[in-house]
file work06.tsv (TSV, C-alpha atoms and all ligand atoms)
chain	number	residue	atom	x	y	z
J	1	MET	CA	76.27	100.13	97.27
J	2	ILE	CA	75.66	103.64	95.98
J	3	SER	CA	75.11	103.60	92.24
J	4	ILE	CA	77.30	106.53	91.31
J	5	PHE	CA	80.76	106.63	89.83
J	6	PRO	CA	82.55	109.69	91.16
J	7	ALA	CA	85.42	109.49	88.66
J	8	ARG	CA	83.03	109.78	85.74
J	9	ILE	CA	80.94	112.43	87.43
J	10	VAL	CA	84.05	114.45	88.20
J	11	ALA	CA	85.32	113.98	84.64
J	12	GLY	CA	81.96	115.01	83.23
J	13	PHE	CA	81.81	118.17	85.27
J	14	ILE	CA	85.43	119.10	84.98
J	15	GLY	CA	84.78	121.95	82.60
J	16	LEU	CA	82.84	123.52	85.44
J	17	SER	CA	85.33	122.68	88.15
J	18	GLY	CA	86.52	126.22	88.71
J	19	SER	CA	83.02	127.54	89.35
J	20	ALA	CA	81.05	124.54	90.52
J	21	PHE	CA	83.46	122.68	92.78
J	22	ALA	CA	86.68	124.38	93.74
J	23	PHE	CA	85.80	126.54	96.66
J	24	LYS	CA	88.85	128.78	96.43
J	25	ALA	CA	89.07	129.38	92.70
J	26	GLY	CA	87.39	132.48	91.33
J	27	PRO	CA	86.12	133.10	87.78
J	28	ALA	CA	89.61	134.04	86.55
J	29	ALA	CA	91.02	130.70	87.71
J	30	ALA	CA	88.09	128.88	86.09
J	31	LEU	CA	88.74	130.66	82.82
J	32	SER	CA	92.45	129.91	82.90
J	33	LYS	CA	91.68	126.22	83.52
J	34	ARG	CA	89.37	126.20	80.51
J	35	LEU	CA	92.05	127.88	78.41
J	36	ILE	CA	94.69	125.37	79.44
J	37	ALA	CA	92.33	122.49	78.59
J	38	VAL	CA	91.43	123.96	75.20
J	39	ALA	CA	95.05	124.81	74.40
J	40	GLY	CA	96.09	121.31	75.45
J	41	THR	CA	93.56	119.66	73.14
J	42	ALA	CA	94.59	121.88	70.23
J	43	PHE	CA	98.24	121.09	70.96
J	44	ALA	CA	97.56	117.35	70.97
J	45	SER	CA	95.78	117.38	67.63
J	46	LEU	CA	98.34	119.76	66.09
J	47	MET	CA	101.11	117.41	67.05
J	48	GLY	CA	99.20	114.54	65.51
J	49	PHE	CA	98.85	112.63	68.78
J	50	PRO	CA	96.18	110.00	68.59
J	51	VAL	CA	93.37	110.36	71.02
J	52	LEU	CA	91.94	107.38	72.83
J	53	ALA	CA	88.52	107.49	71.19
J	54	GLY	CA	87.37	104.01	70.34
J	55	ALA	CA	90.10	102.49	72.50
J	56	ASP	CA	87.62	101.30	75.10
J	57	GLY	CA	88.25	97.63	75.69
J	58	PRO	CA	86.37	95.52	78.17
J	59	GLY	CA	87.68	97.78	80.95
J	60	PRO	CA	87.95	96.54	84.52
J	61	LYS	CA	86.86	92.96	84.98
J	62	PRO	CA	83.69	92.40	86.97
J	63	ILE	CA	84.67	91.96	90.57
J	64	ASP	CA	82.67	90.85	93.56
J	65	LEU	CA	83.96	92.35	96.77
J	66	HIS	CA	81.44	90.32	98.83
J	67	GLY	CA	80.66	93.47	100.78
J	68	LYS	CA	84.32	93.97	101.71
J	69	TYR	CA	86.69	96.87	101.02
J	70	LEU	CA	88.99	97.54	98.07
J	71	ASP	CA	92.66	98.28	98.77
J	72	CYS	CA	93.69	100.81	96.09
J	73	HIS	CA	97.46	100.51	96.65
J	74	ALA	CA	99.34	97.19	96.87
J	75	HIS	CA	102.75	96.19	95.54
J	76	THR	CA	104.38	93.06	94.30
J	77	ALA	CA	108.02	92.64	93.28
J	78	GLY	CA	110.01	90.59	90.81
J	79	ILE	CA	113.56	89.72	89.86
J	80	GLY	CA	112.79	88.64	86.30
J	81	ALA	CA	112.46	84.98	87.28
J	82	LYS	CA	110.87	82.73	84.64
J	83	GLY	CA	110.78	85.50	82.05
J	84	SER	CA	108.47	87.90	83.92
J	85	GLY	CA	110.29	90.95	82.53
J	86	CYS	CA	110.53	92.43	86.05
J	87	PHE	CA	113.76	94.14	86.98
J	88	ILE	CA	115.46	95.29	90.17
J	89	SER	CA	118.71	97.21	89.92
J	90	PRO	CA	121.75	95.31	91.23
J	91	LYS	CA	122.23	98.08	93.80
J	92	LEU	CA	118.69	97.81	95.18
J	93	ARG	CA	118.88	94.02	95.07
J	94	SER	CA	122.04	93.98	97.14
J	95	SER	CA	120.79	96.56	99.65
J	96	TYR	CA	119.52	95.61	103.11
J	97	LYS	CA	115.99	96.61	102.04
J	98	PHE	CA	115.44	93.87	99.50
J	99	PRO	CA	115.43	90.85	101.88
J	100	ILE	CA	113.10	92.81	104.19
J	101	TYR	CA	110.61	93.24	101.35
J	102	LEU	CA	110.84	89.60	100.34
J	103	LYS	CA	110.31	88.50	103.93
J	104	ALA	CA	107.22	90.72	104.10
J	105	PHE	CA	105.91	88.88	101.04
J	106	GLY	CA	106.70	85.57	102.75
J	107	VAL	CA	109.30	84.39	100.24
J	108	ASP	CA	113.07	84.33	99.86
J	109	GLU	CA	115.15	85.03	96.79
J	110	LYS	CA	115.99	81.36	96.16
J	111	GLU	CA	112.36	80.32	96.15
J	112	LEU	CA	111.47	83.24	93.87
J	113	ALA	CA	114.22	82.28	91.41
J	114	GLN	CA	113.00	78.67	91.39
J	115	LYS	CA	109.27	79.27	91.15
J	116	GLY	CA	109.20	82.51	89.18
J	117	ASP	CA	107.91	86.02	89.89
J	118	SER	CA	104.30	84.81	89.64
J	119	LEU	CA	104.83	83.30	93.07
J	120	LEU	CA	104.31	86.71	94.71
J	121	PRO	CA	100.94	87.63	93.12
J	122	ASN	CA	99.84	84.03	93.85
J	123	ARG	CA	100.75	84.44	97.54
J	124	ILE	CA	99.25	87.95	97.71
J	125	SER	CA	95.98	86.73	96.22
J	126	ALA	CA	95.83	83.73	98.57
J	127	ARG	CA	96.46	85.81	101.70
J	128	LEU	CA	94.00	88.45	100.57
J	129	ALA	CA	91.37	85.74	100.02
J	130	GLU	CA	91.66	84.95	103.74
J	131	SER	CA	90.86	88.50	104.77
J	132	LYS	CA	87.53	89.07	106.50
J	133	THR	CA	87.51	92.77	105.67
J	134	VAL	CA	89.27	93.41	102.32
J	135	GLY	CA	87.89	91.75	99.21
J	136	ALA	CA	90.35	92.87	96.53
J	137	ALA	CA	93.44	94.98	95.93
J	138	VAL	CA	94.84	97.03	93.07
J	139	LEU	CA	98.25	95.49	92.30
J	140	LEU	CA	100.60	98.11	90.91
J	141	ALA	CA	102.94	97.97	87.95
J	142	LEU	CA	105.92	100.37	88.03
J	143	ASP	CA	107.42	101.75	84.84
J	144	GLY	CA	111.10	102.63	84.61
J	145	VAL	CA	113.07	105.79	83.92
J	146	VAL	CA	112.87	106.83	80.25
J	147	ASP	CA	115.71	108.41	78.24
J	148	SER	CA	115.58	111.33	75.80
J	149	ALA	CA	114.85	108.94	72.91
J	150	GLY	CA	111.70	107.69	74.66
J	151	ASP	CA	113.05	104.27	75.62
J	152	MET	CA	113.56	102.73	79.03
J	153	ASP	CA	116.84	103.72	80.62
J	154	THR	CA	117.75	100.52	82.43
J	155	ALA	CA	120.90	101.98	83.97
J	156	ARG	CA	118.84	104.63	85.78
J	157	THR	CA	115.89	102.36	86.65
J	158	GLN	CA	115.78	100.98	90.20
J	159	ILE	CA	112.69	98.86	89.82
J	160	TYR	CA	110.52	97.84	86.88
J	161	LEU	CA	107.28	95.89	87.04
J	162	PRO	CA	105.97	95.75	83.48
J	163	ASP	CA	102.32	96.33	82.66
J	164	ALA	CA	102.21	93.06	80.71
J	165	PHE	CA	103.27	91.08	83.80
J	166	ILE	CA	100.81	92.78	86.17
J	167	ALA	CA	97.99	92.60	83.59
J	168	ALA	CA	98.56	88.85	83.15
J	169	GLU	CA	98.85	88.15	86.89
J	170	THR	CA	95.77	90.16	87.86
J	171	ARG	CA	93.76	88.41	85.13
J	172	LYS	CA	94.50	85.09	86.87
J	173	HIS	CA	93.19	86.18	90.25
J	174	GLY	CA	89.63	87.27	90.95
J	175	ASN	CA	90.71	89.49	93.85
J	176	LEU	CA	93.53	91.45	92.17
J	177	LEU	CA	92.95	94.45	89.90
J	178	PHE	CA	95.37	95.83	87.35
J	179	GLY	CA	97.14	99.06	88.35
J	180	ALA	CA	99.07	100.08	85.21
J	181	SER	CA	102.16	102.31	85.07
J	182	VAL	CA	103.22	104.33	82.04
J	183	ASN	CA	106.05	106.84	82.02
J	184	PRO	CA	104.66	109.67	79.82
J	185	ARG	CA	108.15	110.20	78.37
J	186	ARG	CA	107.95	106.87	76.54
J	187	LYS	CA	107.67	107.36	72.79
J	188	ASP	CA	104.69	104.99	72.74
J	189	ALA	CA	103.11	106.24	75.98
J	190	LEU	CA	99.65	106.79	74.45
J	191	GLU	CA	99.65	103.39	72.82
J	192	ARG	CA	100.59	101.81	76.15
J	193	LEU	CA	97.79	103.68	77.88
J	194	ARG	CA	95.32	102.46	75.26
J	195	ARG	CA	96.46	98.85	75.70
J	196	ASP	CA	96.33	99.09	79.50
J	197	LYS	CA	92.79	100.42	79.38
J	198	ALA	CA	91.77	97.56	77.09
J	199	ASP	CA	93.55	95.11	79.43
J	200	GLY	CA	91.34	96.22	82.31
J	201	ALA	CA	93.55	98.75	84.12
J	202	VAL	CA	91.70	100.67	86.83
J	203	LEU	CA	94.34	103.38	87.30
J	204	VAL	CA	97.83	104.51	86.31
J	205	LYS	CA	100.53	104.62	88.98
J	206	TRP	CA	103.55	106.90	89.12
J	207	ILE	CA	106.37	107.44	91.57
J	208	PRO	CA	107.71	110.64	89.96
J	209	SER	CA	110.81	110.84	92.17
J	210	ILE	CA	111.93	107.33	91.12
J	211	MET	CA	110.64	107.30	87.54
J	212	ASP	CA	112.05	110.78	86.85
J	213	ILE	CA	108.71	112.27	85.81
J	214	ASP	CA	107.88	115.92	86.41
J	215	PRO	CA	104.06	116.05	86.72
J	216	ALA	CA	104.23	119.79	85.97
J	217	ASP	CA	106.00	119.30	82.61
J	218	SER	CA	103.84	120.67	79.76
J	219	ALA	CA	105.22	117.88	77.54
J	220	ASN	CA	102.83	115.60	79.49
J	221	ILE	CA	99.73	117.43	78.21
J	222	PRO	CA	98.85	114.91	75.46
J	223	PHE	CA	99.22	112.10	77.98
J	224	TYR	CA	97.00	113.88	80.49
J	225	LEU	CA	94.33	114.50	77.86
J	226	ALA	CA	94.42	110.83	76.91
J	227	MET	CA	94.13	109.89	80.58
J	228	LYS	CA	91.15	112.16	81.03
J	229	GLU	CA	89.53	110.61	78.00
J	230	SER	CA	90.26	107.08	79.22
J	231	GLY	CA	88.70	107.85	82.60
J	232	LEU	CA	91.71	106.27	84.34
J	233	PRO	CA	92.75	108.08	87.51
J	234	LEU	CA	96.42	108.86	88.14
J	235	LEU	CA	97.64	107.43	91.47
J	236	THR	CA	100.85	109.30	92.07
J	237	HIS	CA	103.28	109.27	94.95
J	238	THR	CA	103.41	112.52	96.94
J	239	GLY	CA	105.88	113.33	99.71
J	240	THR	CA	109.38	112.14	100.44
J	241	GLU	CA	110.19	108.63	99.23
J	242	ASN	CA	112.13	106.35	101.59
J	243	SER	CA	111.68	102.90	100.08
J	244	PHE	CA	114.32	103.26	97.36
J	245	LEU	CA	117.95	104.23	97.10
J	246	GLY	CA	117.72	107.84	96.08
J	247	ALA	CA	114.80	109.91	94.93
J	248	ARG	CA	114.25	113.36	93.41
J	249	ASP	CA	111.78	114.34	96.09
J	250	SER	CA	111.02	117.76	94.60
J	251	LEU	CA	109.05	115.93	91.86
J	252	CYS	CA	106.63	114.64	94.51
J	253	ASP	CA	105.59	118.08	95.74
J	254	PRO	CA	101.74	118.06	95.63
J	255	PHE	CA	101.78	121.52	94.02
J	256	ARG	CA	103.29	119.92	90.89
J	257	LEU	CA	99.91	118.25	90.26
J	258	GLU	CA	98.26	121.51	89.22
J	259	LEU	CA	98.63	120.76	85.48
J	260	PRO	CA	96.87	117.35	85.32
J	261	LEU	CA	94.20	118.62	87.72
J	262	ASN	CA	93.50	121.68	85.57
J	263	LEU	CA	93.26	119.40	82.54
J	264	GLY	CA	90.56	117.35	84.27
J	265	VAL	CA	92.49	114.19	85.18
J	266	THR	CA	91.25	112.47	88.33
J	267	VAL	CA	94.35	112.36	90.54
J	268	ILE	CA	94.97	110.38	93.73
J	269	ALA	CA	97.80	111.78	95.83
J	270	ALA	CA	99.29	108.69	97.45
J	271	HIS	CA	100.04	109.07	101.18
J	272	VAL	CA	98.45	112.58	101.36
J	273	GLY	CA	101.86	114.15	100.72
J	274	THR	CA	103.52	112.64	103.80
J	275	PRO	CA	106.26	113.02	104.85
J	276	GLY	CA	108.69	115.82	104.14
J	277	LYS	CA	108.57	119.44	103.05
J	278	SER	CA	108.70	121.43	99.83
J	279	HIS	CA	109.68	125.09	99.84
J	280	GLY	CA	109.70	125.02	103.65
J	281	GLN	CA	106.09	123.80	103.92
J	282	GLU	CA	104.87	120.33	104.93
J	283	ASN	CA	103.95	118.35	101.80
J	284	MET	CA	100.87	117.20	103.73
J	285	GLU	CA	99.67	120.80	104.06
J	286	ARG	CA	100.38	121.33	100.37
J	287	ALA	CA	98.30	118.25	99.51
J	288	LEU	CA	95.41	119.64	101.60
J	289	ILE	CA	95.66	123.03	99.88
J	290	MET	CA	95.37	121.19	96.57
J	291	THR	CA	92.35	119.07	97.61
J	292	ALA	CA	90.58	122.26	98.72
J	293	LYS	CA	91.28	123.82	95.33
J	294	HIS	CA	90.58	120.82	93.07
J	295	ALA	CA	87.45	118.66	93.30
J	296	ASN	CA	89.13	116.03	91.11
J	297	LEU	CA	91.96	115.41	93.62
J	298	TYR	CA	91.71	112.46	96.01
J	299	ALA	CA	94.32	111.09	98.42
J	300	ASP	CA	95.03	107.60	99.71
J	301	ILE	CA	95.82	106.76	103.32
J	302	SER	CA	98.30	104.01	102.46
J	303	SER	CA	101.49	103.91	104.58
J	304	LEU	CA	100.08	106.40	107.11
J	305	THR	CA	100.37	103.95	110.02
J	306	GLN	CA	104.12	103.50	109.45
J	307	ILE	CA	106.34	104.62	112.31
J	308	ASN	CA	108.18	107.06	110.02
J	309	LYS	CA	104.81	108.79	109.44
J	310	PHE	CA	103.69	108.72	113.07
J	311	GLY	CA	100.88	111.13	113.90
J	312	TYR	CA	100.03	112.23	110.35
J	313	LEU	CA	96.86	110.13	110.02
J	314	GLN	CA	95.23	111.65	113.07
J	315	LYS	CA	96.22	115.14	111.90
J	316	ILE	CA	94.65	114.56	108.48
J	317	LEU	CA	91.37	112.87	109.47
J	318	PRO	CA	89.65	115.93	111.00
J	319	ARG	CA	90.64	118.29	108.17
J	320	LYS	CA	87.69	119.49	106.10
J	321	GLU	CA	89.85	119.83	102.97
J	322	VAL	CA	89.89	116.04	102.56
J	323	ARG	CA	86.29	115.32	103.51
J	324	GLY	CA	84.90	112.95	100.90
J	325	ARG	CA	88.32	112.52	99.24
J	326	LEU	CA	90.27	109.94	101.24
J	327	LEU	CA	90.68	106.43	99.86
J	328	TYR	CA	91.60	103.23	101.64
J	329	GLY	CA	94.94	101.71	100.62
J	330	THR	CA	97.64	99.70	102.42
J	331	ASP	CA	100.97	99.98	100.60
J	332	PHE	CA	101.23	96.19	101.10
J	333	PRO	CA	103.75	94.62	101.82
J	334	LEU	CA	105.03	97.47	104.00
J	335	ILE	CA	102.19	96.80	106.49
J	336	GLU	CA	103.89	93.45	107.06
J	337	THR	CA	107.21	94.94	108.20
J	338	ALA	CA	108.41	96.37	111.51
J	339	LEU	CA	107.46	99.82	110.18
J	340	VAL	CA	103.91	99.13	111.38
J	341	SER	CA	102.64	97.86	114.73
J	342	PRO	CA	99.41	98.65	116.58
J	343	PHE	CA	101.51	99.01	119.75
J	344	TYR	CA	103.26	102.11	118.39
J	345	TYR	CA	99.90	103.82	118.99
J	346	THR	CA	99.52	102.87	122.66
J	347	TRP	CA	98.82	106.46	123.73
J	348	ARG	CA	96.74	107.33	120.69
J	349	ALA	CA	93.87	104.82	120.71
J	350	PRO	CA	92.02	102.53	123.18
J	351	PHE	CA	94.39	99.75	124.15
J	352	SER	CA	91.72	97.05	123.79
J	353	LYS	CA	91.26	97.98	120.12
J	354	LEU	CA	95.01	98.03	119.47
J	355	ARG	CA	95.41	94.65	121.12
J	356	ALA	CA	92.58	93.25	119.02
J	357	ALA	CA	94.26	94.66	115.89
J	358	ALA	CA	97.61	93.12	116.85
J	359	ARG	CA	95.92	89.73	117.23
J	360	GLU	CA	94.70	89.74	113.63
J	361	SER	CA	97.01	87.41	111.71
J	362	ASN	CA	95.91	88.58	108.27
J	363	PRO	CA	97.80	91.74	107.22
J	364	TRP	CA	94.73	93.38	105.66
J	365	ASP	CA	92.52	92.63	108.67
J	366	ARG	CA	95.21	93.98	111.00
J	367	ASP	CA	95.51	97.12	108.87
J	368	VAL	CA	91.76	97.76	108.83
J	369	ALA	CA	91.49	97.15	112.59
J	370	LEU	CA	94.39	99.52	113.31
J	371	LYS	CA	93.07	102.26	111.02
J	372	LYS	CA	89.58	101.94	112.55
J	373	ALA	CA	91.12	102.15	116.04
J	374	LEU	CA	92.83	105.36	114.95
J	375	GLY	CA	89.50	106.83	113.85
J	376	VAL	CA	89.39	106.27	110.07
J	377	PRO	CA	85.65	106.52	109.24
J	378	GLU	CA	83.70	103.95	107.23
J	379	ASP	CA	83.32	106.10	104.11
J	380	VAL	CA	87.12	106.12	103.59
J	381	PHE	CA	87.14	102.32	103.42
J	382	THR	CA	84.32	102.16	100.88
J	383	ARG	CA	85.47	105.00	98.62
J	384	SER	CA	88.22	103.12	96.71
J	385	ALA	CA	85.59	100.81	95.19
J	386	LEU	CA	83.25	103.70	94.40
J	387	LEU	CA	85.99	105.60	92.59
J	388	LEU	CA	87.75	102.75	90.80
J	389	LEU	CA	85.16	100.11	89.99
J	390	PRO	CA	82.37	100.45	87.46
J	391	PRO	CA	78.99	101.02	89.04
J	392	PRO	CA	77.01	97.85	89.71
J	393	LYS	CA	74.54	97.15	86.92
J	401	ZN	ZN	103.38	102.33	97.43
call {"tool": "encode", "arguments": {"input": "work06.tsv", "output": "structure tokens"}}
result
Amino acid sequence: MISIFPARIVAGFIGLSGSAFAFKAGPAAALSKRLIAVAGTAFASLMGFPVLAGADGPGPKPIDLHGKYLDCHAHTAGIGAKGSGCFISPKLRSSYKFPIYLKAFGVDEKELAQKGDSLLPNRISARLAESKTVGAAVLLALDGVVDSAGDMDTARTQIYLPDAFIAAETRKHGNLLFGASVNPRRKDALERLRRDKADGAVLVKWIPSIMDIDPADSANIPFYLAMKESGLPLLTHTGTENSFLGARDSLCDPFRLELPLNLGVTVIAAHVGTPGKSHGQENMERALIMTAKHANLYADISSLTQINKFGYLQKILPRKEVRGRLLYGTDFPLIETALVSPFYYTWRAPFSKLRAAARESNPWDRDVALKKALGVPEDVFTRSALLLLPPPK
């Protein structure tokens, strides 16, 4: 294990990012980044926003990966059974997609209603414990849409997985880490962030197109400054979203991440911008332009083996813009659906390796075997732990 913590190093050097790291930004860009950061801090204190100083709780729980990998991107679901507080809109619940998700988790709706939403994290943890290659996963909360008064807008929310539920579930299982989710439009967003940090969150997750968040909105500046201070990275969906029933895809254009990046937040662009286009350009290319420009931007390779993203992974891997920046993630449970099969890659990788991957019964082992067959190098698999976990003492 390398005893460095890139998130902290990046955060520490962020004031220098324009000159020291970003290979395309000149002195003018560096200066404007500094100005934005200074202006943002002044704005936050002027507005009386609390900063997170002194909010450091115990932070992430100690975790032993037993030499295995960390999956930075895994989902659970919930219907609110046994008072979990989870919510799925009636429309999403009655769509054809919902039973597919539940099947991927290995449960049905009746069983979930009877046993409660904790059933899913229990099953996820148990299956993960059987993996030979992946030692832990970040389980993601998902905040809802927030109205102009700063409260959750249930009518416009498709899915809600509260921080309190995910924090409690991940505390129970040694191989699950808490991925928090806070919509910055909430009136108590900073307080929520503070609590999540104290509860051991390792990152904050957004799906802007579903949660109705514009990452480029200057109203988010106090939240970004608090995130930078907390050291929590922002894992945010980039690219077109297909898993829900309607999404404002323009909000997931990687170029909209300029503001948090300039303010020094460590950002992880989920799915490297795939798929789809913004302003006529592939979102993937736009994500690569942004990683070249910002040393504090990472990207996860979750969902890149799905059939609807065919070919992207092998396009991305050789690109120098993402060298040292890709993180291993699965987007579980989607790796357990018909969207992914090693055999879709018959002409892209040695058949013996694909067959071996297909024979793996554990979803994480199958995912690792398939990604290795497709050429994902070792450093991508180990980077999630280096970025998200505290350095070993
Ligand atoms: Zn996801």
call {"tool": "residues_near_ligand", "arguments": {"input": "work06.tsv", "ligand": "ligand ZN 401 (chain J)", "cutoff": "10 Å", "atoms": "only C-alpha atoms and all ligand atoms", "output": "list in words"}}
result
Cys72, His73, Ala74, His75, Thr76, Leu139, Leu140, Leu142, Lys205, Trp206, Ile207, Leu235, Thr236, His237, Glu241, Ser243, Ala270, His271, Ser302, Ser303, Gly329, Thr330, Asp331, Phe332, Pro333 and Leu334 of chain J
call {"tool": "atom_distance", "arguments": {"input": "work06.tsv", "atom1": "atom CA of J:Ile88", "atom2": "atom CA of J:Arg171"}}
result
23.3 Å
call {"tool": "closest_residue", "arguments": {"input": "work06.tsv", "among": "J:Tyr328, J:Trp364, J:Phe310, J:Phe105", "to": "J:Leu119", "atoms": "only C-alpha atoms"}}
result
J:Phe105
call {"tool": "residues_around", "arguments": {"input": "work06.tsv", "residues": "J:Asp64", "least_positions_apart": "3", "cutoff": "10 Å", "atoms": "all atoms listed in the file", "output": "ChimeraX atom specification"}}
result
/J:61,67-68,135-136,174-175,392
call {"tool": "atom_distance", "arguments": {"input": "work06.tsv", "atom1": "atom CA of J:Leu370", "atom2": "atom CA of J:Val138"}}
result
20.4 Å
call {"tool": "atom_distance", "arguments": {"input": "work06.tsv", "atom1": "atom CA of J:Ala287", "atom2": "atom CA of J:Thr240"}}
result
12.7 Å
call {"tool": "closest_residue", "arguments": {"input": "work06.tsv", "among": "J:Ile316, J:Ala216, J:Ala168, J:Val146", "to": "J:Lys187", "atoms": "all atoms listed in the file"}}
result
J:Val146
call {"tool": "closest_residue", "arguments": {"input": "work06.tsv", "among": "J:Leu177, J:Val340, J:Ile221, J:Leu102", "to": "J:Asp71", "atoms": "all atoms listed in the file"}}
result
J:Leu177
call {"tool": "closest_residue", "arguments": {"input": "work06.tsv", "among": "J:Ala299, J:Leu120, J:Met211, J:Ala338", "to": "J:Ala247", "atoms": "only C-alpha atoms"}}
result
J:Met211
call {"tool": "closest_residue", "arguments": {"input": "work06.tsv", "among": "J:Ala349, J:Leu297, J:Leu339, J:Leu386", "to": "J:Leu374", "atoms": "all atoms listed in the file"}}
result
J:Ala349
call {"tool": "residues_around", "arguments": {"input": "work06.tsv", "residues": "J:Gly85", "least_positions_apart": "2", "cutoff": "8 Å", "atoms": "all atoms listed in the file", "output": "MDAnalysis selection string"}}
result
chainID J and resid 80:81 83 87 161:162 165
call {"tool": "closest_residue", "arguments": {"input": "work06.tsv", "among": "J:Ala141, J:Asp199, J:Ile289, J:Leu259", "to": "J:Pro222", "atoms": "all atoms listed in the file"}}
result
J:Leu259
call {"tool": "residues_around", "arguments": {"input": "work06.tsv", "residues": "J:Arg186", "least_positions_apart": "6", "cutoff": "10 Å", "atoms": "all atoms listed in the file", "output": "compact mmCIF listing (two decimals) with C-alpha atoms, in the frame of the given file"}}
result
# COMPACT_ATOMS: atom_id res chain seq x y z
CA ASP J 143 107.42 101.75 84.84
CA GLY J 144 111.10 102.63 84.61
CA VAL J 145 113.07 105.79 83.92
CA VAL J 146 112.87 106.83 80.25
CA ASP J 147 115.71 108.41 78.24
CA SER J 148 115.58 111.33 75.80
CA ALA J 149 114.85 108.94 72.91
CA GLY J 150 111.70 107.69 74.66
CA ASP J 151 113.05 104.27 75.62
CA MET J 152 113.56 102.73 79.03
CA ARG J 192 100.59 101.81 76.15
